[in-house]
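Notes follow the structure.
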Amino acid sequence: MIRRVTSPALFPPPTYAHASVVEAGTRLAFLAGSVPLDRDGNLVGAGDPVRQAEQVIANLEVQLEAIGSDLAHVLSTDVYVVSGEPAVLSAVWEVVEASGLSVGPHSSTLLGVACLGYTGHLVEITATAAVPESPERAPRS
């Protein structure tokens, strides 16, 4: 259903693929940005991009579950971090690597940005995922 491609002609990416190809007929989901808010709309991890990244991944899992998918079926993400510091971006990327998103591996872009939509909001992830036909999902590692 999903073919992940890493071109040998390019520098090998760390734990993500250069492209994901989905066969025709597969259902795709385009997810809104997952943000570091709890169920009641409270910011989780104020001032802490790593904690916010953990909450964002947890919220992304809930979004995926609602459509019958999971992290292993994510094809592509954009990871937005309010920072111009490579060390901060790397710390957030470590959370992404440790999550089930690395199972694919999926294609991803990591971006340092000036601001996001909520006060104190430091991390956001948008995703595109395949939705498996059967209720069974890919096993998590």
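In the structure tokens, chains take the letters A, B, ... in the order shown, each chain's residues start at 1, and ligands count up from 1 in the order shown.
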
message = So that I can see what lies close to range 117-121 of chain A, please list as an MDAnalysis selection string the residues with an atom at most 9 Å from it, counting only C-alpha atoms and leaving out residues fewer than 5 positions away in the same chain.
response = chainID A and resid 35:37 43:47 49 52 81:82

Range 9-93 of chain A: residues DSSP assigns to strand (DSSP E), reported as a list in words =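 Selecting the strand (DSSP E) positions of range 9-93 of chain A gives Ala19, Ser20, Val21, Val22, Arg27, Leu28, Ala29, Phe30, Leu31, Ala32, Gly33, Ser34, Val74, Leu75, Ser76, Thr77, Asp78, Val79, Tyr80, Val81 and Val82 of chain A.
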
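Between CA of Arg27 in chain A and CA of Gly68 in chain A the separation is 10.7 Å.
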
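One distance worth recording is that between CA of His73 in chain A and CA of Thr6 in chain A, which is 16.9 Å.
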
query = Which of these residues is nearest to Ile125 in chain A, using only C-alpha atoms: A:Asp48, A:Glu65, A:Glu54, A:Asp78?
reply =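 Checking each of A:Asp48, A:Glu65, A:Glu54, A:Asp78 against Ile125 in chain A, counting only C-alpha atoms, the winner is A:Asp78.
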
query = Which residue gives the smallest distance to Val123 in chain A among A:Ala87, A:Val50, A:Leu31, A:Ala9, with only C-alpha atoms counted?
reply =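 Result for the nearest residue to Val123 in chain A: A:Val50.
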
task = Can you pull out every residue within 6 Å of range 100-111 of chain A, counting only C-alpha atoms, but drop anything in the same chain fewer than 5 positions away, and send it as a PyMOL selection string?
result = chain A and resi 15-19+71-72+75-80

ask   = Residues of chain A in alpha helix (DSSP H) according to DSSP, as a PyMOL selection string?
value = chain A and resi 49-66+86-98

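Each of A:Ser83, A:Gln63, A:Ser134, A:Gln55 was compared to Thr26 in chain A using only C-alpha atoms, and A:Ser134 turns out to be the nearest.
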
query = Separation of CA of Ser34 in chain A and CA of Leu64 in chain A, in Å?
reply =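 CA of Leu64 in chain A lies 10.5 Å from CA of Ser34 in chain A.
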
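Nearest to Thr126 in chain A of all the residues A:Ser20, A:Asn59, A:Ser69, A:Asn42 is A:Asn59, based on only C-alpha atoms.
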
query = Looking at A:Ala114, A:Ile57, A:Ala91, A:Val74, which one is nearest to Ala129 in chain A, with distances taken over only C-alpha atoms?
reply =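 Comparing A:Ala114, A:Ile57, A:Ala91, A:Val74 against Ala129 in chain A, the winner is A:Val74.
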